[in-house]
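Structure file structure_32.cif with mmCIF, C-alpha atoms and all ligand atoms:
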```
data_entry
loop_
_atom_site.label_atom_id
_atom_site.label_comp_id
_atom_site.auth_asym_id
_atom_site.auth_seq_id
_atom_site.Cartn_x
_atom_site.Cartn_y
_atom_site.Cartn_z
CA MET A 1 -10.61 59.12 25.30
CA ARG A 2 -10.73 57.37 21.94
CA HIS A 3 -13.30 54.67 21.33
CA THR A 4 -12.87 52.09 18.62
CA LEU A 5 -16.10 50.80 17.18
CA PRO A 6 -16.42 47.01 17.27
CA MET A 7 -15.73 45.55 13.84
CA ALA A 8 -18.79 43.85 12.36
CA ASP A 9 -18.93 40.10 11.85
CA SER A 10 -18.11 38.89 8.34
CA TYR A 11 -19.96 35.79 7.18
CA PHE A 12 -18.57 33.04 4.99
CA ILE A 13 -19.74 29.58 3.94
CA GLY A 14 -17.39 26.65 3.44
CA LEU A 15 -18.25 23.63 1.27
CA MET A 16 -16.31 20.41 1.34
CA SER A 17 -16.81 17.19 -0.58
CA GLY A 18 -13.81 15.02 0.02
CA THR A 19 -12.02 11.89 -1.07
CA SER A 20 -14.53 9.59 0.66
CA VAL A 21 -17.10 10.83 -1.90
CA ASP A 22 -19.71 10.51 0.85
CA GLY A 23 -21.45 13.84 0.33
CA ILE A 24 -21.26 17.56 0.99
CA ASP A 25 -20.38 19.19 4.30
CA ALA A 26 -21.24 22.86 4.70
CA ALA A 27 -20.47 25.34 7.44
CA LEU A 28 -21.63 28.92 7.96
CA ILE A 29 -19.09 30.89 9.94
CA SER A 30 -18.59 34.39 11.24
CA ILE A 31 -15.17 36.00 11.45
CA ASN A 32 -14.54 39.00 13.65
CA HIS A 33 -11.00 40.17 14.39
CA ASN A 34 -9.77 36.70 13.36
CA LYS A 35 -12.15 35.11 15.87
CA ILE A 36 -14.04 32.37 14.09
CA ARG A 37 -17.46 31.11 15.16
CA CYS A 38 -19.32 28.28 13.46
CA LEU A 39 -22.99 29.32 13.29
CA ALA A 40 -24.63 26.47 11.38
CA THR A 41 -23.71 23.23 9.63
CA GLN A 42 -25.33 20.89 7.12
CA SER A 43 -24.33 17.56 5.71
CA VAL A 44 -26.00 16.01 2.68
CA GLU A 45 -25.14 12.59 1.27
CA PHE A 46 -24.63 12.19 -2.45
CA SER A 47 -27.31 10.16 -4.23
CA PRO A 48 -25.99 6.68 -5.18
CA SER A 49 -26.04 7.64 -8.88
CA LEU A 50 -24.07 10.86 -8.39
CA ARG A 51 -21.61 9.05 -6.13
CA SER A 52 -21.01 6.35 -8.69
CA ALA A 53 -20.61 8.95 -11.50
CA ILE A 54 -17.99 10.75 -9.38
CA LEU A 55 -16.18 7.51 -8.58
CA ASP A 56 -16.15 6.62 -12.28
CA ALA A 57 -14.71 10.03 -13.08
CA CYS A 58 -12.03 9.56 -10.41
CA SER A 59 -11.06 6.16 -11.74
CA GLN A 60 -10.74 7.64 -15.23
CA ASN A 61 -13.65 5.65 -16.64
CA LEU A 62 -15.18 8.94 -17.62
CA ALA A 63 -16.07 8.50 -21.27
CA THR A 64 -16.54 11.96 -22.64
CA ALA A 65 -15.98 15.64 -21.98
CA ASP A 66 -19.79 15.95 -22.05
CA GLU A 67 -20.08 13.72 -18.99
CA ALA A 68 -17.40 15.67 -17.16
CA ALA A 69 -19.18 18.93 -17.93
CA GLN A 70 -22.51 17.49 -16.78
CA LEU A 71 -20.97 16.34 -13.51
CA ASP A 72 -19.37 19.76 -13.03
CA HIS A 73 -22.80 21.35 -13.50
CA GLN A 74 -24.69 18.80 -11.36
CA LEU A 75 -22.29 19.22 -8.44
CA ALA A 76 -22.78 23.01 -8.51
CA GLU A 77 -26.56 22.43 -8.30
CA ASP A 78 -26.14 20.08 -5.33
CA TYR A 79 -23.77 22.52 -3.62
CA ALA A 80 -26.31 25.33 -4.16
CA LYS A 81 -29.10 23.27 -2.56
CA VAL A 82 -26.96 22.75 0.54
CA VAL A 83 -26.20 26.49 0.70
CA HIS A 84 -29.91 27.32 0.43
CA SER A 85 -30.84 24.91 3.18
CA LEU A 86 -27.97 26.10 5.39
CA LEU A 87 -29.19 29.70 5.04
CA ALA A 88 -32.84 28.70 5.48
CA GLY A 89 -31.96 27.43 8.95
CA SER A 90 -30.21 30.70 9.86
CA THR A 91 -31.22 34.33 10.17
CA LEU A 92 -28.91 35.30 7.28
CA SER A 93 -29.63 35.73 3.58
CA PRO A 94 -27.31 35.53 0.56
CA GLU A 95 -26.50 39.25 0.63
CA ASN A 96 -25.10 38.85 4.16
CA ILE A 97 -22.55 36.30 2.98
CA ILE A 98 -19.28 37.68 1.67
CA ALA A 99 -18.28 34.48 -0.13
CA ILE A 100 -18.56 30.73 -0.34
CA GLY A 101 -15.27 28.82 -0.19
CA SER A 102 -15.96 25.76 -2.32
CA HIS A 103 -13.30 23.08 -2.37
CA GLY A 104 -15.01 21.16 -5.18
CA GLN A 105 -14.81 17.45 -5.87
CA THR A 106 -11.32 16.20 -6.68
CA ILE A 107 -11.34 14.20 -9.90
CA ASN A 108 -7.61 13.94 -10.35
CA HIS A 109 -4.85 15.08 -8.01
CA ALA A 110 -1.47 14.73 -9.73
CA PRO A 111 1.09 16.86 -7.87
CA ASP A 112 4.00 14.79 -9.15
CA ALA A 113 2.96 14.79 -12.83
CA ARG A 114 4.82 16.97 -15.32
CA PRO A 115 3.30 19.51 -15.38
CA PRO A 116 1.64 18.99 -11.99
CA PHE A 117 -2.10 19.59 -11.67
CA SER A 118 -5.05 19.02 -9.39
CA LEU A 119 -8.55 19.05 -10.82
CA GLN A 120 -11.62 19.86 -8.73
CA ILE A 121 -15.06 20.17 -10.30
CA GLY A 122 -18.33 21.80 -9.17
CA ASN A 123 -18.80 24.80 -11.44
CA ALA A 124 -18.05 27.91 -9.38
CA GLN A 125 -19.80 30.37 -11.73
CA HIS A 126 -22.96 28.24 -11.78
CA LEU A 127 -22.85 27.98 -7.97
CA ALA A 128 -22.46 31.76 -7.69
CA ASN A 129 -25.37 32.33 -10.09
CA LEU A 130 -27.64 29.87 -8.27
CA THR A 131 -26.91 31.26 -4.80
CA GLY A 132 -26.32 34.94 -5.56
CA ILE A 133 -23.10 34.68 -3.52
CA ALA A 134 -19.51 35.17 -4.67
CA VAL A 135 -17.57 31.89 -4.80
CA VAL A 136 -13.89 31.22 -4.19
CA SER A 137 -12.75 27.90 -5.68
CA ASP A 138 -9.70 26.27 -7.29
CA PHE A 139 -7.68 26.56 -4.10
CA ARG A 140 -4.82 24.31 -5.16
CA SER A 141 -3.54 25.82 -8.43
CA ALA A 142 -1.78 28.88 -6.99
CA ASP A 143 0.27 26.76 -4.58
CA MET A 144 1.19 24.34 -7.38
CA ALA A 145 2.21 27.24 -9.61
CA VAL A 146 4.94 28.05 -7.08
CA GLY A 147 6.16 24.47 -6.83
CA GLY A 148 3.86 23.17 -4.08
CA GLN A 149 1.89 19.94 -3.84
CA GLY A 150 -1.33 21.99 -3.64
CA ALA A 151 -2.14 19.78 -0.66
CA PRO A 152 -2.84 19.34 2.13
CA LEU A 153 -4.29 22.82 2.69
CA ALA A 154 -5.99 22.22 6.04
CA PRO A 155 -2.73 22.49 8.09
CA ALA A 156 -2.72 26.32 7.71
CA PHE A 157 -6.18 26.38 9.28
CA HIS A 158 -5.23 23.83 11.94
CA ASN A 159 -2.27 26.06 12.78
CA ASP A 160 -4.55 29.07 13.07
CA ILE A 161 -7.07 27.51 15.44
CA PHE A 162 -5.39 24.62 17.25
CA ARG A 163 -1.79 25.87 17.81
CA SER A 164 -0.87 26.30 21.48
CA GLU A 165 2.17 27.77 23.22
CA GLU A 166 1.42 25.56 26.22
CA GLU A 167 1.74 22.15 24.61
CA ASN A 168 2.76 20.25 21.48
CA ARG A 169 -0.17 19.26 19.34
CA VAL A 170 -0.84 17.14 16.27
CA VAL A 171 -4.05 17.35 14.28
CA ALA A 172 -5.06 14.30 12.25
CA ASN A 173 -7.84 14.63 9.70
CA LEU A 174 -9.33 11.21 8.96
CA GLY A 175 -11.22 11.58 5.68
CA GLY A 176 -10.86 9.28 2.68
CA ILE A 177 -7.16 10.03 3.02
CA ALA A 178 -5.46 10.93 6.33
CA ASN A 179 -3.42 14.08 6.81
CA ILE A 180 -1.53 15.36 9.83
CA SER A 181 -0.47 18.81 11.02
CA VAL A 182 2.36 18.84 13.56
CA LEU A 183 1.96 22.01 15.63
CA ALA A 184 4.95 22.45 17.93
CA GLN A 185 4.62 24.40 21.15
CA ASP A 186 7.66 26.45 20.03
CA LYS A 187 5.97 29.24 18.08
CA ASP A 188 8.96 29.63 15.76
CA ALA A 189 8.89 26.02 14.59
CA ASN A 190 7.50 25.45 11.10
CA VAL A 191 4.34 23.43 10.75
CA ILE A 192 4.96 19.95 9.36
CA GLY A 193 1.97 18.56 7.48
CA PHE A 194 1.30 15.97 4.81
CA ASP A 195 -0.97 13.11 3.75
CA THR A 196 0.06 9.98 5.63
CA GLY A 197 -1.89 7.57 3.38
CA PRO A 198 -5.38 6.11 3.40
CA ALA A 199 -7.82 6.77 6.26
CA ASN A 200 -11.28 5.50 5.26
CA ALA A 201 -11.21 5.20 1.46
CA LEU A 202 -10.05 1.57 1.31
CA MET A 203 -12.16 0.44 4.28
CA ASP A 204 -15.22 2.06 2.66
CA TYR A 205 -14.51 0.30 -0.61
CA TRP A 206 -14.00 -3.10 1.05
CA ILE A 207 -17.16 -3.09 3.17
CA ASN A 208 -19.14 -1.88 0.17
CA VAL A 209 -17.95 -4.80 -1.96
CA HIS A 210 -18.55 -7.42 0.74
CA LEU A 211 -21.49 -6.18 2.82
CA GLY A 212 -23.02 -3.55 0.52
CA LYS A 213 -22.62 -0.86 3.20
CA ARG A 214 -21.33 2.67 2.60
CA TYR A 215 -18.92 2.50 5.56
CA ASP A 216 -17.99 0.41 8.59
CA LYS A 217 -20.03 2.02 11.37
CA SER A 218 -17.86 2.53 14.47
CA GLY A 219 -15.38 0.08 12.89
CA ARG A 220 -17.43 -2.88 14.15
CA TRP A 221 -16.70 -5.08 11.16
CA ALA A 222 -12.97 -4.32 11.43
CA ALA A 223 -13.14 -5.25 15.13
CA SER A 224 -14.65 -8.65 14.23
CA GLY A 225 -11.62 -9.65 12.12
CA SER A 226 -7.95 -10.33 12.86
CA VAL A 227 -5.10 -8.30 11.43
CA ASP A 228 -3.06 -10.33 8.94
CA GLN A 229 0.55 -9.27 9.58
CA ASP A 230 1.83 -10.55 6.20
CA VAL A 231 -0.78 -8.57 4.28
CA LEU A 232 -0.10 -5.54 6.46
CA SER A 233 3.67 -5.72 5.84
CA THR A 234 3.07 -6.01 2.09
CA MET A 235 0.88 -2.91 2.15
CA LEU A 236 3.29 -0.95 4.34
CA ALA A 237 6.08 -1.70 1.86
CA ASP A 238 4.44 0.76 -0.57
CA PRO A 239 7.14 3.42 -1.08
CA TYR A 240 4.64 6.23 -0.43
CA PHE A 241 4.82 5.51 3.31
CA GLN A 242 8.61 5.97 3.38
CA ARG A 243 8.73 9.06 1.18
CA PRO A 244 9.64 12.19 3.13
CA PRO A 245 7.26 15.17 2.96
CA PRO A 246 6.15 17.30 1.20
CA LYS A 247 3.77 14.72 -0.17
CA SER A 248 0.08 14.31 -0.88
CA THR A 249 -2.01 11.50 -2.27
CA GLY A 250 -5.54 10.44 -3.11
CA ARG A 251 -7.75 7.89 -4.81
CA GLU A 252 -5.39 8.07 -7.81
CA HIS A 253 -3.00 5.89 -5.80
CA PHE A 254 -4.88 4.23 -2.91
CA ASN A 255 -7.78 2.67 -4.79
CA SER A 256 -9.36 -0.71 -5.60
CA HIS A 257 -6.55 -1.56 -8.07
CA TRP A 258 -3.93 -0.88 -5.41
CA LEU A 259 -5.80 -3.13 -2.99
CA ALA A 260 -6.23 -5.93 -5.53
CA THR A 261 -2.48 -5.86 -6.28
CA MET A 262 -1.65 -5.99 -2.59
CA LEU A 263 -4.00 -8.90 -1.94
CA LYS A 264 -3.01 -10.96 -4.98
CA PRO A 265 -0.39 -13.16 -3.24
CA PHE A 266 -2.75 -13.96 -0.34
CA SER A 267 -5.67 -16.36 -0.29
CA LYS A 268 -6.06 -17.13 3.43
CA PRO A 269 -7.51 -14.04 5.13
CA GLY A 270 -11.29 -13.65 5.00
CA PRO A 271 -13.04 -10.35 4.22
CA ALA A 272 -13.39 -9.31 7.88
CA ASP A 273 -9.66 -9.98 8.42
CA ILE A 274 -8.86 -7.74 5.44
CA GLN A 275 -11.07 -5.02 6.92
CA ALA A 276 -9.20 -5.36 10.24
CA THR A 277 -5.92 -5.16 8.31
CA LEU A 278 -7.01 -2.04 6.39
CA CYS A 279 -7.97 -0.37 9.66
CA GLU A 280 -4.57 -1.30 11.07
CA LEU A 281 -2.88 0.04 7.91
CA THR A 282 -4.46 3.45 8.56
CA VAL A 283 -3.43 3.28 12.22
CA VAL A 284 0.17 2.11 11.66
CA SER A 285 0.94 4.52 8.79
CA LEU A 286 -0.49 7.40 10.80
CA SER A 287 1.19 6.50 14.08
CA ASN A 288 4.57 5.82 12.41
CA ASP A 289 4.51 9.34 10.98
CA ILE A 290 3.38 10.88 14.26
CA LYS A 291 6.26 9.09 16.06
CA ARG A 292 8.66 10.25 13.35
CA TYR A 293 7.68 13.92 13.23
CA ALA A 294 5.92 14.86 16.48
CA SER A 295 7.05 15.01 20.05
CA ASP A 296 5.83 12.07 22.18
CA ASP A 297 4.17 14.38 24.71
CA SER A 298 1.81 15.75 22.05
CA ARG A 299 -1.92 16.04 22.28
CA LEU A 300 -3.47 14.40 19.22
CA ILE A 301 -6.63 16.13 18.00
CA LEU A 302 -8.79 14.07 15.63
CA CYS A 303 -11.21 15.35 13.02
CA GLY A 304 -12.94 13.96 9.93
CA GLY A 305 -15.34 11.02 9.73
CA GLY A 306 -12.76 8.50 10.97
CA THR A 307 -13.04 10.11 14.42
CA HIS A 308 -16.25 8.05 14.77
CA ASN A 309 -14.44 4.79 14.04
CA VAL A 310 -14.07 3.44 17.59
CA THR A 311 -11.82 0.55 16.51
CA LEU A 312 -9.47 2.88 14.67
CA VAL A 313 -9.21 5.33 17.58
CA ARG A 314 -8.68 2.51 20.11
CA GLN A 315 -5.85 1.04 18.02
CA LEU A 316 -4.32 4.48 17.51
CA GLN A 317 -4.15 4.92 21.29
CA GLN A 318 -2.47 1.50 21.60
CA HIS A 319 0.20 2.53 19.09
CA LEU A 320 0.66 5.96 20.66
CA PRO A 321 0.38 5.28 24.41
CA SER A 322 2.05 8.51 25.54
CA LEU A 323 -0.21 10.81 23.52
CA THR A 324 -3.50 12.20 24.74
CA ILE A 325 -6.04 11.62 21.97
CA GLU A 326 -9.13 13.79 21.72
CA SER A 327 -11.77 14.74 19.18
CA SER A 328 -11.77 18.34 17.91
CA SER A 329 -15.16 18.58 19.65
CA GLN A 330 -13.16 19.00 22.89
CA PHE A 331 -12.03 22.30 21.36
CA GLY A 332 -15.57 23.31 20.40
CA ILE A 333 -15.31 22.26 16.75
CA ASP A 334 -17.43 19.43 15.39
CA PRO A 335 -14.96 16.95 13.81
CA ASP A 336 -17.27 16.50 10.82
CA TYR A 337 -17.00 20.18 9.85
CA VAL A 338 -13.35 21.13 10.39
CA GLU A 339 -12.63 20.89 6.66
CA ALA A 340 -15.75 22.86 5.63
CA ILE A 341 -14.84 25.57 8.15
CA ALA A 342 -11.28 25.55 6.78
CA PHE A 343 -12.52 26.39 3.27
CA ALA A 344 -14.76 29.18 4.63
CA TRP A 345 -11.61 30.51 6.36
CA LEU A 346 -9.60 30.18 3.13
CA ALA A 347 -12.30 32.18 1.30
CA HIS A 348 -11.89 34.89 3.95
CA ARG A 349 -8.12 34.80 3.35
CA GLN A 350 -8.65 35.15 -0.41
CA LEU A 351 -10.99 38.13 -0.08
CA ASN A 352 -8.50 39.83 2.24
CA LYS A 353 -5.53 39.02 -0.01
CA LEU A 354 -3.92 36.94 2.73
CA SER A 355 -1.85 33.88 1.94
CA GLY A 356 -3.49 30.48 2.44
CA ASN A 357 -0.65 28.00 1.97
CA LEU A 358 2.20 26.97 4.24
CA PRO A 359 5.38 26.43 2.17
CA SER A 360 6.78 24.19 4.94
CA VAL A 361 3.83 21.86 4.31
CA THR A 362 3.21 21.95 0.56
CA GLY A 363 6.80 22.57 -0.52
CA ALA A 364 5.86 25.79 -2.34
CA THR A 365 8.63 28.33 -2.81
CA LYS A 366 6.55 31.07 -1.19
CA GLU A 367 3.29 31.97 0.50
CA VAL A 368 0.53 32.86 -1.95
CA VAL A 369 -3.14 33.84 -1.90
CA LEU A 370 -5.17 30.74 -2.78
CA GLY A 371 -8.29 30.46 -4.89
CA ARG A 372 -10.12 32.21 -7.67
CA LEU A 373 -13.06 34.53 -7.02
CA VAL A 374 -16.17 34.60 -9.20
CA ARG A 375 -19.18 36.82 -8.65
CA PRO A 376 -22.79 36.01 -9.58
CA ALA A 377 -23.44 36.92 -13.21
CA LEU A 378 -25.79 39.88 -13.58
CA GLY A 379 -29.36 38.99 -14.47
CA GLN A 380 -29.11 35.51 -12.98
CA LEU A 381 -30.29 36.34 -9.46
N1 LIG B 401 -19.92 6.49 12.54
C1 LIG B 401 -18.85 6.22 11.77
N2 LIG B 401 -18.12 5.12 12.02
C2 LIG B 401 -17.03 4.82 11.26
N3 LIG B 401 -16.63 5.56 10.22
C3 LIG B 401 -17.33 6.68 9.94
C4 LIG B 401 -18.47 7.07 10.69
N4 LIG B 401 -18.94 8.23 10.17
C5 LIG B 401 -18.16 8.54 9.12
N5 LIG B 401 -17.19 7.61 8.97
C6 LIG B 401 -16.16 7.55 7.94
O1 LIG B 401 -15.79 8.85 7.55
C7 LIG B 401 -15.89 8.99 6.13
C8 LIG B 401 -16.23 10.41 5.77
O2 LIG B 401 -15.27 11.26 6.35
P1 LIG B 401 -15.05 12.74 5.83
O3 LIG B 401 -16.35 13.29 5.37
O4 LIG B 401 -14.31 13.44 6.91
O5 LIG B 401 -14.08 12.48 4.63
P2 LIG B 401 -13.93 13.16 3.23
O6 LIG B 401 -15.27 13.60 2.73
O7 LIG B 401 -13.18 12.19 2.42
O8 LIG B 401 -13.05 14.43 3.49
P3 LIG B 401 -11.47 14.68 3.25
O9 LIG B 401 -10.84 13.52 2.56
O10 LIG B 401 -11.40 15.88 2.41
O11 LIG B 401 -10.92 14.96 4.59
C9 LIG B 401 -16.94 7.99 5.72
O12 LIG B 401 -16.79 7.61 4.37
C10 LIG B 401 -16.68 6.85 6.71
O13 LIG B 401 -15.67 6.01 6.23
MG MG B 402 -17.03 13.85 3.46
#
```

In structure tokens, how does this file's structure come out?
Amino acid sequence: MRHTLPMADSYFIGLMSGTSVDGIDAALISINHNKIRCLATQSVEFSPSLRSAILDACSQNLATADEAAQLDHQLAEDYAKVVHSLLAGSTLSPENIIAIGSHGQTINHAPDARPPFSLQIGNAQHLANLTGIAVVSDFRSADMAVGGQGAPLAPAFHNDIFRSEEENRVVANLGGIANISVLAQDKDANVIGFDTGPANALMDYWINVHLGKRYDKSGRWAASGSVDQDVLSTMLADPYFQRPPPKSTGREHFNSHWLATMLKPFSKPGPADIQATLCELTVVSLSNDIKRYASDDSRLILCGGGTHNVTLVRQLQQHLPSLTIESSSQFGIDPDYVEAIAFAWLAHRQLNKLSGNLPSVTGATKEVVLGRLVRPALGQL
């Protein structure tokens, strides 16, 4: 009788700092025969000064190349600290980790520019040197080189872990921007996935300006206001919402300037009413797309920070009464770490020369291996 030895676990770390610019999420995972287990997680908020430097860079107020380089370096140091503390709380050491998948901080995502590009910073070589672990980064360029949007990338991971042959499912990631992955029960159906528009980015901005808070905890402030239908209709008239996929967006489009332009004709609604309207904008844009692209018997799985926004989730259920809405925690995955786990998984794909993009989602002409691998420089350990 032939015995096959069990394949050893492979360990990867995923690092995500997203469009909300709230901080760094890290996940330590093991992969064994494509079975993924999340072993440890860490979340660290950005300091107010780093956050404001990143936001300046995103809004193109960045003055010099020096400042960009400093930010690139600083982010790598912050990422390394999170990796060290993640490992300190585990039984593993850097030599046990095959690679870190580091998304980096998006400074400019321009998939429709000529030529298209998407810039993430957080120096991968510096991160590798500081941690002694190989780093996979720059996940978007390879997809863009073959005509893709370079985004969203999470749907491939959603497809891998949430797809079911028993039911239709949709995954919605509610970060700064919202993206959906439509996962049909029919295993031959292509995944549909794209950014639907803002999730938290505009609500975060608005509460920060008016109440000085980082975000609207549980959506309580939004719940205290009334949706202004005229403002909502004006916002929903933005052509992005009608554009068919593939499409992706970010702070380059849905930002404080966008909001100021939208609000210009209106003087009546108070700040809480605008917050209620921004919450409804997220809900209506998301639910319109789910109605358009997903079957109405789908299970909707939520992840990302917006999962904790009770007002948003309640309104989503009102707009999608036939769907069962659940947090990814019902599937054993903490909603705050789905994206970090996705980038650990993408690092595993890179190391194994497996494709990481879904052409049906990004619009790429073919499947490609995503990311660039750097190893710690000798003498730096
Ligand atoms: N308890 C909460 N109540 C309401 N909103 C919350 C709560 N916790 C987090 N959030 C929202 O979630 C946001 C952070 O979400 P997340 O970290 O998933 O987004 P991200 O970093 O932008 O990632 P990405 O855009 O890549 O998906 C916060 O800025 C906040 O708006
Ligand atoms: Mg975040």

### Query
If you count only C-alpha atoms, which residues fall within 12 Å of Phe266 of chain A, apart from same-chain ones fewer than 6 positions away, as a ChimeraX atom specification?
/A:228-232,234-235,259-260,273-274

Write out as CSV the residues of segment 76-180 of chain A that have any atom within 12 Å of an atom of segment 309-327 of chain A, one row each with the nearest atom pair and its distance in Å to one decimal, counting all atoms listed in the file, sorted by chain and then rising number.
```
residue,atom,partner,partner_atom,distance
A:Phe162,CA,A:Ser327,CA,11.9
A:Glu167,CA,A:Thr324,CA,11.2
A:Asn168,CA,A:Leu323,CA,10.1
A:Arg169,CA,A:Leu323,CA,9.4
A:Val170,CA,A:Ile325,CA,9.5
A:Val171,CA,A:Ser327,CA,9.5
A:Ala172,CA,A:Ser327,CA,9.7
A:Asn173,CA,A:Ser327,CA,10.3
A:Leu174,CA,A:Asn309,CA,9.7
A:Gly175,CA,A:Asn309,CA,11.2
```

### Task
In Å, rounded to a single decimal, give me how far atom CA of Gly101 of chain A is from atom CA of Asp138 of chain A.
9.4 Å

### Message
Neighbouring residues of ligand MG 402 (chain B) are defined here as those with any atom at most 10 Å from a ligand atom, counting only C-alpha atoms and all ligand atoms; list them as a PyMOL selection string.
### Response
chain A and resi 16-25+43-46+174-176+304-305+336-337+339-340

Centre, x/y/z edge lengths, axis-aligned box for segment 10-26 of chain A with 4 Å per side, as JSON:
```
{"center_x": -16.7, "center_y": 24.2, "center_z": 3.2, "size_x": 17.4, "size_y": 37.3, "size_z": 18.2}
```

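The smallest atom-to-atom distance between Ser226 of chain A and any of A:His210, A:Gly270, A:Ala80, A:Ser298, using only C-alpha atoms, is found for A:Gly270.
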
### Message
Can you pull out the residues contacting Ser181 of chain A? Cut-off 8 Å, using all atoms listed in the file, and skip same-chain residues under 4 positions away; I want them as an MDAnalysis selection string.
### Response
chainID A and resid 155 158:159 170:172 191:194

### Summary
Residue with the minimum atom-to-atom distance to Asn208 of chain A, picked from A:Gln350, A:Ser267, A:Gln275, A:Gln105 with all atoms listed in the file counted, is A:Gln275

### Task
One decimal, Å: what's the distance from atom CA of Ile29 of chain A over to atom CA of Tyr11 of chain A, could you say?
5.7 Å

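Restricting the calculation to all atoms listed in the file, the smallest distance between Glu252 of chain A and any of A:Glu67, A:Asp78, A:Asp296, A:Asp112 is found for A:Asp112.
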